[in-house]
Every structure is written in C-alpha cells, then in structure tokens.
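Structure file entry-v8.txt; described as compact mmCIF, C-alpha atoms.
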# COMPACT_ATOMS: atom_id res chain seq x y z
CA MET A 71 -18.61 -11.03 0.96
CA PRO A 72 -20.08 -9.67 4.24
CA GLY A 73 -22.50 -6.71 3.98
CA ALA A 74 -20.22 -4.37 5.98
CA LEU A 75 -17.34 -5.02 3.58
CA ILE A 76 -19.59 -4.34 0.57
CA ALA A 77 -20.84 -1.11 2.19
CA LEU A 78 -17.27 0.01 2.92
CA GLY A 79 -16.33 -0.82 -0.68
CA LEU A 80 -19.15 1.38 -1.98
CA VAL A 81 -18.21 4.28 0.34
CA THR A 82 -14.58 3.89 -0.76
CA ALA A 83 -15.53 3.91 -4.46
CA ALA A 84 -17.65 7.05 -3.94
CA SER A 85 -14.84 8.83 -2.09
CA MET A 86 -12.32 7.84 -4.77
CA LEU A 87 -14.61 9.37 -7.44
CA LEU A 88 -15.05 12.47 -5.28
CA SER A 89 -11.27 12.83 -4.99
CA LEU A 90 -10.94 12.44 -8.76
CA GLY A 91 -13.55 15.20 -9.23
CA ALA A 92 -11.72 17.47 -6.75
CA ILE A 93 -8.36 16.85 -8.46
CA PHE A 94 -9.58 17.59 -12.00
CA LEU A 95 -12.47 20.03 -11.45
CA TYR A 96 -11.79 21.87 -8.18
CA ALA A 97 -8.03 22.18 -7.69
CA PRO A 98 -6.42 25.04 -9.63
CA THR A 99 -3.75 24.40 -12.26
CA GLU A 100 -0.32 25.18 -10.84
CA ALA A 101 1.31 28.13 -12.64
CA VAL A 102 4.85 26.72 -13.13
CA GLN A 103 4.36 22.96 -13.63
CA GLY A 104 0.97 23.03 -15.33
CA PRO A 105 -1.42 20.01 -15.33
CA VAL A 106 1.28 17.48 -14.41
CA GLN A 107 1.39 18.96 -10.88
CA ARG A 108 -1.96 17.22 -10.24
CA ILE A 109 0.01 13.96 -9.90
CA PHE A 110 0.91 15.35 -6.45
CA TYR A 111 -2.67 14.62 -5.22
CA LEU A 112 -2.08 10.99 -6.13
CA HIS A 113 1.59 10.62 -5.26
CA LEU A 114 1.40 12.01 -1.71
CA PRO A 115 -1.60 9.91 -0.50
CA LEU A 116 0.04 6.80 -2.00
CA ALA A 117 3.25 7.55 -0.07
CA TYR A 118 1.29 8.19 3.12
CA ILE A 119 -0.53 4.85 2.78
CA ALA A 120 2.76 3.07 2.11
CA TYR A 121 4.17 4.55 5.36
CA LEU A 122 0.97 3.60 7.20
CA SER A 123 1.17 0.01 5.89
CA PHE A 124 4.76 -0.40 7.02
CA PHE A 125 3.96 1.15 10.40
CA LEU A 126 1.26 -1.49 10.76
CA VAL A 127 3.77 -4.19 9.76
CA PHE A 128 6.12 -2.82 12.45
CA VAL A 129 3.41 -2.87 15.16
CA CYS A 130 2.21 -6.35 14.15
CA SER A 131 5.80 -7.66 14.07
CA VAL A 132 6.45 -6.41 17.62
CA LEU A 133 3.16 -7.88 18.85
CA TYR A 134 3.87 -11.20 17.14
CA LEU A 135 7.34 -11.49 18.70
CA VAL A 136 6.02 -10.50 22.15
CA ARG A 137 2.74 -12.42 22.22
CA GLY A 138 3.25 -15.09 19.56
CA ALA A 139 -0.35 -14.94 18.31
CA SER A 140 -0.52 -15.84 14.61
CA ARG A 141 -3.20 -13.21 13.87
CA TRP A 142 -0.53 -10.47 14.25
CA ASP A 143 1.70 -12.24 11.78
CA LEU A 144 -1.23 -12.63 9.41
CA LEU A 145 -2.19 -8.95 9.64
CA GLY A 146 1.44 -7.86 9.20
CA ARG A 147 1.77 -9.99 6.08
CA CYS A 148 -1.40 -8.48 4.57
CA ALA A 149 -0.24 -4.92 5.37
CA ALA A 150 3.20 -5.61 3.84
CA GLU A 151 1.65 -6.75 0.56
CA ILE A 152 -0.47 -3.59 0.33
CA GLY A 153 2.53 -1.48 1.34
CA VAL A 154 4.66 -2.95 -1.46
CA LEU A 155 1.88 -2.27 -4.00
CA PHE A 156 1.56 1.35 -2.84
CA THR A 157 5.33 1.89 -2.76
CA THR A 158 5.53 0.58 -6.33
CA LEU A 159 2.87 3.11 -7.34
CA VAL A 160 4.71 5.89 -5.46
CA LEU A 161 7.87 5.14 -7.44
CA VAL A 162 5.96 4.94 -10.74
CA THR A 163 3.98 8.17 -10.25
CA GLY A 164 7.09 10.01 -9.01
CA SER A 165 8.99 8.88 -12.06
CA ILE A 166 6.19 9.95 -14.43
CA TRP A 167 6.07 13.39 -12.74
CA ALA A 168 9.86 13.74 -12.84
CA ARG A 169 10.15 13.19 -16.61
CA PRO A 170 8.52 16.49 -17.72
CA VAL A 171 9.56 18.48 -14.61
CA TRP A 172 13.19 17.34 -14.06
CA GLY A 173 13.77 16.10 -17.62
CA THR A 174 14.62 12.58 -16.38
CA TRP A 175 12.71 9.49 -15.26
CA TRP A 176 15.02 8.76 -12.35
CA SER A 177 17.74 10.39 -10.27
CA TRP A 178 19.82 8.75 -7.53
CA ASP A 179 18.59 11.42 -5.19
CA ALA A 180 18.36 10.68 -1.42
CA ARG A 181 14.53 10.59 -1.27
CA LEU A 182 14.19 8.38 -4.34
CA THR A 183 17.01 6.04 -3.36
CA THR A 184 15.79 5.52 0.23
CA THR A 185 12.27 4.85 -1.11
CA LEU A 186 13.68 2.27 -3.53
CA VAL A 187 15.54 0.66 -0.60
CA LEU A 188 12.23 0.51 1.32
CA TRP A 189 10.61 -1.24 -1.65
CA PHE A 190 13.41 -3.83 -1.74
CA ILE A 191 13.21 -4.42 2.04
CA TYR A 192 9.50 -5.27 1.97
CA LEU A 193 9.79 -7.19 -1.29
CA GLY A 194 12.37 -9.27 0.61
CA TYR A 195 9.87 -9.61 3.47
CA LEU A 196 7.24 -11.03 1.09
CA MET A 197 9.75 -13.30 -0.67
CA LEU A 198 10.86 -14.68 2.68
CA ARG A 199 7.24 -15.51 3.51
CA SER A 200 6.94 -17.44 0.25
CA TYR A 201 10.24 -19.33 0.40
CA VAL A 202 10.67 -20.40 4.04
CA VAL A 203 8.91 -23.75 4.40
CA ASP A 204 8.66 -23.72 8.22
CA GLU A 205 5.85 -21.17 8.72
CA ARG A 206 6.68 -20.30 12.34
CA ARG A 207 10.33 -19.71 11.53
CA GLY A 208 9.35 -17.65 8.43
CA ALA A 209 7.01 -15.56 10.58
CA ARG A 210 9.76 -14.88 13.14
CA TYR A 211 12.32 -13.87 10.48
CA ALA A 212 9.72 -11.69 8.74
CA ALA A 213 8.85 -9.99 12.05
CA VAL A 214 12.52 -9.05 12.50
CA ILE A 215 12.61 -7.60 8.95
CA GLY A 216 9.31 -5.82 9.64
CA ILE A 217 10.85 -4.09 12.68
CA LEU A 218 14.28 -3.29 11.22
CA GLY A 219 12.84 -2.27 7.82
CA PHE A 220 10.67 0.40 9.37
CA VAL A 221 13.82 2.34 10.35
CA ASP A 222 13.95 3.43 6.69
CA VAL A 223 10.60 5.28 6.90
CA PRO A 224 11.76 8.20 9.10
CA ILE A 225 14.99 8.32 7.04
CA ILE A 226 12.89 8.76 3.86
CA HIS A 227 10.80 11.43 5.53
CA GLN A 228 13.84 13.39 6.73
CA SER A 229 15.94 12.79 3.59
CA VAL A 230 14.92 16.13 2.03
CA VAL A 231 16.10 17.91 5.19
CA TRP A 232 19.31 15.95 5.85
CA TRP A 233 20.65 15.87 2.28
CA ARG A 234 20.62 18.17 -0.74
CA THR A 235 18.01 16.60 -2.97
CA LEU A 236 16.10 17.31 -6.15
CA HIS A 237 12.88 16.17 -4.48
CA PRO A 238 10.68 19.07 -3.29
CA GLU A 239 10.48 19.67 0.46
CA SER A 240 7.21 19.00 2.29
CA VAL A 241 4.64 21.70 1.49
CA VAL A 242 2.01 20.37 3.90
CA THR A 243 4.30 20.47 6.96
CA PRO A 244 7.18 22.79 5.96
CA PRO A 245 10.52 21.88 7.64
CA GLY A 246 10.70 25.30 9.32
CA GLY A 247 7.19 24.86 10.74
CA GLY A 248 4.20 27.08 10.08
CA ALA A 249 1.14 26.81 7.84
CA PRO A 250 1.01 24.61 4.70
CA ALA A 251 2.68 26.37 1.75
CA MET A 252 -0.26 25.98 -0.66
CA PRO A 253 -3.64 27.60 -1.39
CA GLN A 254 -6.66 26.33 0.54
CA SER A 255 -8.26 24.76 -2.57
CA MET A 256 -5.13 22.63 -3.10
CA LEU A 257 -5.05 21.65 0.58
CA VAL A 258 -8.75 20.65 0.55
CA THR A 259 -8.19 18.54 -2.59
CA LEU A 260 -5.23 16.86 -0.94
CA LEU A 261 -7.19 16.11 2.24
CA VAL A 262 -10.11 14.64 0.24
CA SER A 263 -7.63 12.46 -1.64
CA MET A 264 -5.91 11.38 1.59
CA LEU A 265 -9.25 10.39 3.09
CA ALA A 266 -10.25 8.42 -0.04
CA TYR A 267 -6.96 6.49 -0.09
CA THR A 268 -7.18 5.81 3.66
CA LEU A 269 -10.62 4.25 3.15
CA LEU A 270 -9.22 2.26 0.22
CA PHE A 271 -6.38 1.01 2.40
CA VAL A 272 -8.77 -0.11 5.18
CA TRP A 273 -11.03 -1.86 2.64
CA LEU A 274 -8.14 -3.63 0.88
CA LEU A 275 -6.66 -4.68 4.22
CA LEU A 276 -9.98 -6.16 5.41
CA LEU A 277 -10.37 -8.00 2.09
CA ARG A 278 -6.82 -9.33 2.23
CA TYR A 279 -7.13 -10.36 5.88
CA GLY A 280 -10.48 -12.05 5.22
CA LEU A 281 -8.88 -13.94 2.36
CA GLU A 282 -6.04 -15.23 4.56
CA GLN A 283 -8.49 -16.27 7.28
CA ALA A 284 -10.68 -18.12 4.76
CA ARG A 285 -7.60 -19.84 3.33
CA LEU A 286 -6.49 -21.00 6.79
CA ARG A 287 -9.97 -22.23 7.70
CA LEU A 288 -10.17 -24.13 4.41
CA ARG A 289 -6.82 -25.78 5.06
CA GLU A 290 -7.90 -26.71 8.58
CA LEU A 291 -11.15 -28.28 7.33
CA ASN A 292 -9.31 -30.17 4.58
CA GLU A 293 -6.78 -31.54 7.10
CA ARG A 294 -9.61 -32.58 9.45
CA ARG A 295 -11.35 -34.29 6.58
CA GLN A 296 -8.19 -36.15 5.55
CA ASP A 297 -7.64 -37.26 9.16
CA ALA A 298 -11.21 -38.54 9.33
CA PHE A 299 -10.75 -40.50 6.10
CA GLY A 300 -7.38 -41.80 7.37
CA ALA A 301 -8.95 -42.93 10.64
CA GLY A 302 -11.85 -44.55 8.80
CA MET B 51 5.69 21.94 -20.37
CA GLU B 52 5.31 19.66 -23.38
CA ASN B 53 2.90 16.70 -23.25
CA SER B 54 2.23 17.48 -19.60
CA LEU B 55 -1.32 16.17 -19.96
CA LEU B 56 -0.06 12.87 -21.37
CA TYR B 57 2.07 12.23 -18.26
CA LEU B 58 -0.86 13.15 -16.03
CA VAL B 59 -3.21 10.71 -17.79
CA ALA B 60 -0.53 7.99 -17.72
CA ALA B 61 0.01 8.38 -13.96
CA PHE B 62 -3.70 8.27 -13.10
CA GLY B 63 -4.36 5.47 -15.61
CA ILE B 64 -1.61 3.23 -14.22
CA VAL B 65 -2.58 3.79 -10.57
CA TRP B 66 -6.32 3.29 -11.07
CA LEU B 67 -5.78 0.23 -13.26
CA ALA B 68 -3.37 -1.39 -10.79
CA LEU B 69 -5.65 -0.73 -7.81
CA LEU B 70 -8.71 -1.93 -9.70
CA ILE B 71 -7.02 -5.17 -10.78
CA TYR B 72 -5.78 -5.80 -7.23
CA ALA B 73 -9.23 -5.13 -5.70
CA ILE B 74 -11.00 -7.36 -8.25
CA ALA B 75 -8.43 -10.15 -7.75
CA LEU B 76 -8.87 -10.02 -3.95
CA SER B 77 -12.68 -9.88 -4.08
CA SER B 78 -13.05 -12.74 -6.55
CA ARG B 79 -10.52 -14.91 -4.69
CA LEU B 80 -12.29 -14.23 -1.39
CA ALA B 81 -15.70 -15.01 -2.89
CA SER B 82 -14.40 -18.28 -4.35
CA LEU B 83 -12.74 -19.32 -1.05
CA ARG B 84 -15.93 -18.56 0.87
CA ARG B 85 -17.91 -20.73 -1.59
CA ASP B 86 -15.45 -23.61 -1.10
CA LEU B 87 -15.64 -23.14 2.68
CA ALA B 88 -19.44 -23.19 2.71
CA GLU B 89 -19.42 -26.37 0.60
CA LEU B 90 -16.88 -28.08 2.84
CA GLU B 91 -18.67 -27.06 6.04
CA ARG B 92 -21.92 -28.42 4.63
CA ASP B 93 -20.22 -31.75 3.79
CA ASN B 94 -18.68 -31.97 7.29
Show how you would write the structure in this file as structure tokens.
Amino acid sequence: MPGALIALGLVTAASMLLSLGAIFLYAPTEAVQGPVQRIFYLHLPLAYIAYLSFFLVFVCSVLYLVRGASRWDLLGRCAAEIGVLFTTLVLVTGSIWARPVWGTWWSWDARLTTTLVLWFIYLGYLMLRSYVVDERRGARYAAVIGILGFVDVPIIHQSVVWWRTLHPESVVTPPGGGAPAMPQSMLVTLLVSMLAYTLLFVWLLLLRYGLEQARLRLRELNERRQDAFGAG
Amino acid sequence: MENSLLYLVAAFGIVWLALLIYAIALSSRLASLRRDLAELERDN
C-alpha cells in the first residue's frame, strides 16, 4: 500500500477515535431521549456520506456518458459500493434508534421509505454491474441509473418538509432557516464526527479505486502474457 | 427509556464492525493484488 494511503488511514483512524471520544465523553446526554440520542452523531454523518457517494456516482455517470473515459465509470462504481454500505448502516442505525424512541423498528414513513428506495436503486446499480457481460454496455446502463437514481436524494432530504413524517426535522439546518437548534457542544461533536467520516470515505474510496486499477492492470498483463504464449 | 444503553452499544458495535471488516477486506485484497502485479511485472 502506498505511504500516502497508509498516512491517510492513520489520520482517519485517529479522527474516528477522536469522534468516539467526543460522542461519549464530551457531548451532553439529551434530557428526553437519554443515551440513545448519541446514535444521532453516527446516523447523520453516515447519511451525509451516503448522499456524497451518490452525488459522486451522479457526477461520474454524467462524465462517463459525455467523455466515455472508463476511469469515470470505475470511480462511479467504487463510490456506489461505498454508498450502498453507508445507506445500509443508515437504515440499521435509524432502526435501532427508532425501537426505544418510537416503540417500533420500522415505520413506512416518507423519510424511511424514500431512503429504502435509494438503497434498492443503488443495489440494482451494483447488481447490473455484476450481471451484464458486455462491460461497456453495463457501464452505460449503470451511468443512466446513476443519474436517474440521484433524483431520490433531494426527495429524501425534503421528505420531512413535504410530508407529515415521524422522522425528526433537520436540527442542523432548520427548515425555517436560522441557527442550528442544538447546544454548541452537540454541534461541535457532530462536526468532529462529520469530519472523521468524510476522511473515512476518502480513504475507503482511494482503497477501492486502487483495488480496481490493480485488478485491471493484472488482467491486462495476464492477457498480454497469454497472447505472447499464443504467438510463441 | 428502558435498555437505552443497549441500543446505543448495538448501533455503534454494528457500524464499527461493518466498517472495520470492509476496510480490512479492501486493504488485504489490494495488498494481495499488488503482490501478484509485482510478480507478474517481474516475470514480463
């Protein structure tokens, strides 16, 4: 593994531990929900990274369709995989928080349902990549899904405003505007956590992209070797 | 709120475990591919 990737991994690990310390030692316990409210510092950064991943898939899909360079398709594929992992964790942590607070694991509420739809869209994107034999055709189809699927992200974000939902409204950017509706210690903890998960996302994406590049290079060398043996 | 702490530990445990497994899987796969590549490039 290159030195820069190892260094970024170490910085990411340190920031993740710092965020854990801030969540459990610095942030105050919320008066109504109690300790389970701390899941918020995990749930929100995970959701933000999932959005970021799918935004990257969207950008890469557009660039791939316009320019046709395979590196955009490759990067989009890597971002989609990370996005699906983070969306899965968003759904799991949300469900675990909902059980003691709402008294149920799941509700067909607008925010939850649109997030589940997002998860299915990008799961479909990844499945398409695995099942279509013609790689170029698979990449083109996936790029279309990557563009159309992103439409769901702003719908998820606005779902708590457009529909009556159980899901809490945004406290960081309240719908009516104005300052975040939380004490400064909670906001600082959230920002530290957001930063840690952003670093984690960048590190995972570089790892995943490096892996795809190495796999392609290996295939290329193997094909060249086979051709040389065939010619000999 | 009953067993609130249990839900909190479960959420953090699941997320950290999943991310750790994913990161380890990616790193070890990348390291192994790079080893294979170096070997193949040496042979070529």
**OP:** Give the residues of chain B that lie within 7 Å of chain A; count only C-alpha atoms, and format the answer as a PyMOL selection string.
**Re:** chain B and resi 51+54-55+57-58+61+65+73+76-77+80-81+83-84+87
Original post:
Between atom CA of Pro253 of chain A and atom CA of Glu100 of chain A, what is the spacing in Å?
Top reply: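 Answer for the atom CA of Glu100 of chain A to atom CA of Pro253 of chain A separation: 10.3 Å.
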Original post:
atom CA of Glu205 of chain A to atom CA of Ala298 of chain A: how many Å, to one decimal?
Top reply: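 About the pair atom CA of Glu205 of chain A and atom CA of Ala298 of chain A: they are 24.4 Å apart.
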**OP:** Go through A:Tyr96, A:Pro115, A:Gly91, A:Gly153 and flag the residue nearest Leu275 of chain A, using only C-alpha atoms for the distances.
**Re:** A:Gly153
Original post:
In Å to one decimal, how far is atom CA of Val221 of chain A from atom CA of Ser177 of chain A?
Top reply: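 Separating atom CA of Ser177 of chain A from atom CA of Val221 of chain A is a distance of 22.5 Å.
Considering only C-alpha atoms, the residue among A:Gly194, A:Gly216, A:Pro224, A:Pro238 positioned nearest to Val129 of chain A is A:Gly216.
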Kindly output segment 175-186 of chain A as a PDB file, keeping the file's coordinate frame, after building all heavy atoms.
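out.pdb was written with the following content:
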ATOM      1  N   TRP A 175      13.625  10.413 -15.935  1.00  0.00           N
ATOM      2  CA  TRP A 175      12.710   9.490 -15.260  1.00  0.00           C
ATOM      3  C   TRP A 175      13.157   9.201 -13.833  1.00  0.00           C
ATOM      4  O   TRP A 175      12.359   8.956 -12.955  1.00  0.00           O
ATOM      5  CB  TRP A 175      12.605   8.163 -16.008  1.00  0.00           C
ATOM      6  CG  TRP A 175      11.985   8.258 -17.368  1.00  0.00           C
ATOM      7  CD1 TRP A 175      12.663   8.255 -18.563  1.00  0.00           C
ATOM      8  CD2 TRP A 175      10.601   8.372 -17.697  1.00  0.00           C
ATOM      9  NE1 TRP A 175      11.776   8.359 -19.597  1.00  0.00           N
ATOM     10  CE2 TRP A 175      10.496   8.424 -19.109  1.00  0.00           C
ATOM     11  CE3 TRP A 175       9.426   8.425 -16.944  1.00  0.00           C
ATOM     12  CZ2 TRP A 175       9.289   8.528 -19.772  1.00  0.00           C
ATOM     13  CZ3 TRP A 175       8.209   8.528 -17.611  1.00  0.00           C
ATOM     14  CH2 TRP A 175       8.149   8.578 -19.000  1.00  0.00           C
ATOM     15  N   TRP A 176      14.484   9.197 -13.643  1.00  0.00           N
ATOM     16  CA  TRP A 176      15.020   8.760 -12.350  1.00  0.00           C
ATOM     17  C   TRP A 176      16.291   9.525 -12.007  1.00  0.00           C
ATOM     18  O   TRP A 176      17.075   9.866 -12.898  1.00  0.00           O
ATOM     19  CB  TRP A 176      15.327   7.255 -12.393  1.00  0.00           C
ATOM     20  CG  TRP A 176      15.830   6.719 -11.089  1.00  0.00           C
ATOM     21  CD1 TRP A 176      17.147   6.535 -10.735  1.00  0.00           C
ATOM     22  CD2 TRP A 176      15.055   6.349  -9.948  1.00  0.00           C
ATOM     23  NE1 TRP A 176      17.214   6.064  -9.449  1.00  0.00           N
ATOM     24  CE2 TRP A 176      15.948   5.937  -8.936  1.00  0.00           C
ATOM     25  CE3 TRP A 176      13.672   6.321  -9.675  1.00  0.00           C
ATOM     26  CZ2 TRP A 176      15.522   5.502  -7.685  1.00  0.00           C
ATOM     27  CZ3 TRP A 176      13.245   5.885  -8.432  1.00  0.00           C
ATOM     28  CH2 TRP A 176      14.160   5.474  -7.456  1.00  0.00           C
ATOM     29  N   SER A 177      16.496   9.792 -10.730  1.00  0.00           N
ATOM     30  CA  SER A 177      17.740  10.390 -10.270  1.00  0.00           C
ATOM     31  C   SER A 177      18.107   9.685  -8.972  1.00  0.00           C
ATOM     32  O   SER A 177      17.218   9.373  -8.165  1.00  0.00           O
ATOM     33  CB  SER A 177      17.499  11.888 -10.033  1.00  0.00           C
ATOM     34  OG  SER A 177      18.376  12.373  -9.066  1.00  0.00           O
ATOM     35  N   TRP A 178      19.397   9.432  -8.768  1.00  0.00           N
ATOM     36  CA  TRP A 178      19.820   8.750  -7.530  1.00  0.00           C
ATOM     37  C   TRP A 178      19.881   9.765  -6.386  1.00  0.00           C
ATOM     38  O   TRP A 178      20.910   9.942  -5.732  1.00  0.00           O
ATOM     39  CB  TRP A 178      21.142   7.998  -7.726  1.00  0.00           C
ATOM     40  CG  TRP A 178      20.951   6.847  -8.640  1.00  0.00           C
ATOM     41  CD1 TRP A 178      21.318   6.766  -9.945  1.00  0.00           C
ATOM     42  CD2 TRP A 178      20.291   5.604  -8.346  1.00  0.00           C
ATOM     43  NE1 TRP A 178      20.930   5.565 -10.489  1.00  0.00           N
ATOM     44  CE2 TRP A 178      20.299   4.820  -9.527  1.00  0.00           C
ATOM     45  CE3 TRP A 178      19.678   5.066  -7.206  1.00  0.00           C
ATOM     46  CZ2 TRP A 178      19.726   3.555  -9.605  1.00  0.00           C
ATOM     47  CZ3 TRP A 178      19.108   3.798  -7.281  1.00  0.00           C
ATOM     48  CH2 TRP A 178      19.145   3.066  -8.461  1.00  0.00           C
ATOM     49  N   ASP A 179      18.781  10.405  -6.208  1.00  0.00           N
ATOM     50  CA  ASP A 179      18.590  11.420  -5.190  1.00  0.00           C
ATOM     51  C   ASP A 179      18.263  10.707  -3.861  1.00  0.00           C
ATOM     52  O   ASP A 179      17.779   9.583  -3.872  1.00  0.00           O
ATOM     53  CB  ASP A 179      17.428  12.255  -5.736  1.00  0.00           C
ATOM     54  CG  ASP A 179      16.631  13.001  -4.730  1.00  0.00           C
ATOM     55  OD1 ASP A 179      15.809  12.391  -4.034  1.00  0.00           O
ATOM     56  OD2 ASP A 179      16.813  14.208  -4.676  1.00  0.00           O
ATOM     57  N   ALA A 180      18.531  11.348  -2.721  1.00  0.00           N
ATOM     58  CA  ALA A 180      18.360  10.680  -1.420  1.00  0.00           C
ATOM     59  C   ALA A 180      16.935  10.175  -1.195  1.00  0.00           C
ATOM     60  O   ALA A 180      16.733   9.035  -0.767  1.00  0.00           O
ATOM     61  CB  ALA A 180      18.760  11.627  -0.299  1.00  0.00           C
ATOM     62  N   ARG A 181      15.925  10.993  -1.507  1.00  0.00           N
ATOM     63  CA  ARG A 181      14.530  10.590  -1.270  1.00  0.00           C
ATOM     64  C   ARG A 181      14.158   9.394  -2.146  1.00  0.00           C
ATOM     65  O   ARG A 181      13.544   8.438  -1.675  1.00  0.00           O
ATOM     66  CB  ARG A 181      13.618  11.792  -1.539  1.00  0.00           C
ATOM     67  CG  ARG A 181      12.126  11.532  -1.537  1.00  0.00           C
ATOM     68  CD  ARG A 181      11.552  11.044  -0.236  1.00  0.00           C
ATOM     69  NE  ARG A 181      11.514  11.955   0.877  1.00  0.00           N
ATOM     70  CZ  ARG A 181      10.536  12.824   1.158  1.00  0.00           C
ATOM     71  NH1 ARG A 181       9.503  12.928   0.361  1.00  0.00           N
ATOM     72  NH2 ARG A 181      10.586  13.577   2.228  1.00  0.00           N
ATOM     73  N   LEU A 182      14.552   9.461  -3.416  1.00  0.00           N
ATOM     74  CA  LEU A 182      14.190   8.380  -4.340  1.00  0.00           C
ATOM     75  C   LEU A 182      14.923   7.089  -3.985  1.00  0.00           C
ATOM     76  O   LEU A 182      14.331   6.007  -3.980  1.00  0.00           O
ATOM     77  CB  LEU A 182      14.534   8.794  -5.784  1.00  0.00           C
ATOM     78  CG  LEU A 182      13.503   9.633  -6.523  1.00  0.00           C
ATOM     79  CD1 LEU A 182      13.335  10.995  -5.892  1.00  0.00           C
ATOM     80  CD2 LEU A 182      13.848   9.776  -7.979  1.00  0.00           C
ATOM     81  N   THR A 183      16.211   7.230  -3.660  1.00  0.00           N
ATOM     82  CA  THR A 183      17.010   6.040  -3.360  1.00  0.00           C
ATOM     83  C   THR A 183      16.529   5.349  -2.082  1.00  0.00           C
ATOM     84  O   THR A 183      16.384   4.126  -2.049  1.00  0.00           O
ATOM     85  CB  THR A 183      18.507   6.414  -3.235  1.00  0.00           C
ATOM     86  OG1 THR A 183      18.872   7.154  -4.399  1.00  0.00           O
ATOM     87  CG2 THR A 183      19.387   5.198  -3.120  1.00  0.00           C
ATOM     88  N   THR A 184      16.253   6.140  -1.033  1.00  0.00           N
ATOM     89  CA  THR A 184      15.790   5.520   0.230  1.00  0.00           C
ATOM     90  C   THR A 184      14.413   4.880   0.045  1.00  0.00           C
ATOM     91  O   THR A 184      14.099   3.876   0.676  1.00  0.00           O
ATOM     92  CB  THR A 184      15.766   6.549   1.384  1.00  0.00           C
ATOM     93  OG1 THR A 184      15.119   7.739   0.934  1.00  0.00           O
ATOM     94  CG2 THR A 184      17.149   6.869   1.879  1.00  0.00           C
ATOM     95  N   THR A 185      13.584   5.452  -0.845  1.00  0.00           N
ATOM     96  CA  THR A 185      12.270   4.850  -1.110  1.00  0.00           C
ATOM     97  C   THR A 185      12.449   3.523  -1.867  1.00  0.00           C
ATOM     98  O   THR A 185      11.749   2.550  -1.586  1.00  0.00           O
ATOM     99  CB  THR A 185      11.377   5.820  -1.910  1.00  0.00           C
ATOM    100  OG1 THR A 185      11.328   7.064  -1.235  1.00  0.00           O
ATOM    101  CG2 THR A 185       9.964   5.282  -2.070  1.00  0.00           C
ATOM    102  N   LEU A 186      13.409   3.517  -2.795  1.00  0.00           N
ATOM    103  CA  LEU A 186      13.680   2.270  -3.530  1.00  0.00           C
ATOM    104  C   LEU A 186      14.192   1.191  -2.557  1.00  0.00           C
ATOM    105  O   LEU A 186      13.807   0.020  -2.659  1.00  0.00           O
ATOM    106  CB  LEU A 186      14.704   2.524  -4.645  1.00  0.00           C
ATOM    107  CG  LEU A 186      14.978   1.352  -5.571  1.00  0.00           C
ATOM    108  CD1 LEU A 186      13.744   0.997  -6.409  1.00  0.00           C
ATOM    109  CD2 LEU A 186      16.144   1.664  -6.519  1.00  0.00           C
TER     110      LEU A 186
END
